[in-house]
Amino acid sequence: MLEHILSLGAYLFCIGIFGLITSRNMVRALMCLELIFNAVNINLITFSNSFDTQQAKGEIFAIFIIAIAAAEAAIGLAIVLAIYRNKNSTRIDQFNLLKW
Amino acid sequence: MNIIELFGPLQEIIFFILEIGVILGSLGVVLLSNIVYSAFFLGLVFFCISLLYFALNADFVAAAQILIYVGAVNVLIVFAVMLINKPESLKIFPVWTVGDKITLAICLTSFFLLVNIILNTSWSNITVITESKGFLESNFTQNVQRIGSLLLTQYLLPFELLSIVLLVALIGAIVIARRENLIETNKKKVLQIKKSPTTF
């Protein structure tokens, strides 16, 4: 049971890393980042349910991670909109504004 | 009171259905080339994960997951896709390059390594250690009450810092995404007004 859900978290983490590296669209990279956050949350909730049933500390960390992920999504999509307005593209390999 | 205990023998079937949803949904997020489909598959993944939290006896986090991820983050992503999206290719699956295959090999290796570590760890020993510490007598029987009391006593400082972080992030997102054309058009109007009497 525990191994089952931990394996699900590992799968979600690995496929998030894969999508984050290989995606060419910046919005898709942000989606894969959300998948990675969700993998971390699944692990935290599972450990909290299995080992720490008296004090739900893992759930509190999961709530913190959810809030940080919401802030990150807002900032990331705002940056994507600003870059799209300037360069008229959302491809990751065309973002070379900070190169010398 | 564990919610999943109500279902009894249906537990395995419920977990199996939720895991199938998560696996297929995340594959759809990564592999489909149309990004609108990816956004909706992401919503499916978030929803299945929140039901998984319900089954794992964490009902407050499940409600927060539905409210924040499905209700806010996914809607924000769909809005960004609708504002930005350009039709690029009509193929369902994109072309795979050499770098994609190398990344796939690395990710598969790390996945099997992680699963190997998970299966080889003896989790029952950890359960014995943690339960031998003795239970704290908790007055709060409900999950939500426990989380609320911990957030306002032991985790008060991170909680307040988190609210400041959210405020700063929202203001920063507005500042970054705001159009700056309004100021320029006002300047142009001023210039036109100044130029217009000289022409006459």
# chains A, B, ... in the order shown; residues from 1 in each chain; ligands from 1
$ interface_residues --of "chain A" --to "chain B" --cutoff "6 Å" --atoms "only C-alpha atoms" --output "short mmCIF file (atom, residue, chain, number, x, y, z; two decimals) with N, CA and C atoms, in the first residue's frame"
data_model
loop_
_atom_site.label_atom_id
_atom_site.label_comp_id
_atom_site.auth_asym_id
_atom_site.auth_seq_id
_atom_site.Cartn_x
_atom_site.Cartn_y
_atom_site.Cartn_z
N SER A 7 5.60 4.69 -5.19
CA SER A 7 5.98 4.47 -6.58
C SER A 7 5.24 5.41 -7.51
N CYS A 14 9.38 11.65 -12.07
CA CYS A 14 10.26 11.40 -13.22
C CYS A 14 9.63 11.91 -14.50
N GLY A 19 9.33 15.94 -18.87
CA GLY A 19 8.61 16.98 -19.60
C GLY A 19 9.26 18.33 -19.44
N THR A 22 12.34 18.30 -21.85
CA THR A 22 12.13 18.16 -23.29
C THR A 22 11.10 19.10 -23.87
N ALA A 71 1.81 30.69 -6.00
CA ALA A 71 2.56 31.93 -6.25
C ALA A 71 3.49 31.77 -7.43
N ILE A 75 3.54 33.97 -10.98
CA ILE A 75 4.72 34.68 -11.45
C ILE A 75 5.19 34.14 -12.80
N ALA A 78 2.96 35.19 -15.62
CA ALA A 78 3.14 36.62 -15.91
C ALA A 78 4.40 36.86 -16.72
N ALA A 82 4.71 38.42 -20.49
CA ALA A 82 5.57 39.57 -20.81
C ALA A 82 6.53 39.24 -21.94
#
$ select_by_dssp --residues "chain A" --states "helix (DSSP H, G or I)" --output "VMD selection string"
chain A and resid 2 to 22 26 to 51 57 to 87 92 to 94
$ residues_around --residues "stretch 90-94 of chain A" --least-positions-apart "4" --cutoff "6 Å" --atoms "only C-alpha atoms" --output "PDB file with C-alpha atoms, in the first residue's frame"
ATOM      1  CA  ARG A  24       9.705  23.435 -26.128  1.00  0.00           C
ATOM      2  CA  ASN A  25       6.726  25.470 -24.984  1.00  0.00           C
ATOM      3  CA  MET A  26       7.172  27.473 -21.816  1.00  0.00           C
ATOM      4  CA  TYR A  84       5.368  36.717 -25.458  1.00  0.00           C
TER       5      TYR A  84
END
$ closest_residue --among "A:Ala70, A:Arg85, A:Val80, A:Ile63" --to "A:Ile42" --atoms "only C-alpha atoms"
A:Ile63
$ closest_residue --among "A:Ala29, A:Leu8, A:Ile66, A:Ser89" --to "B:Ile66" --atoms "only C-alpha atoms"
A:Ile66
$ closest_residue --among "A:Leu98, A:Val27, A:Ala62, A:Leu12" --to "A:Ile45" --atoms "only C-alpha atoms"
A:Ala62
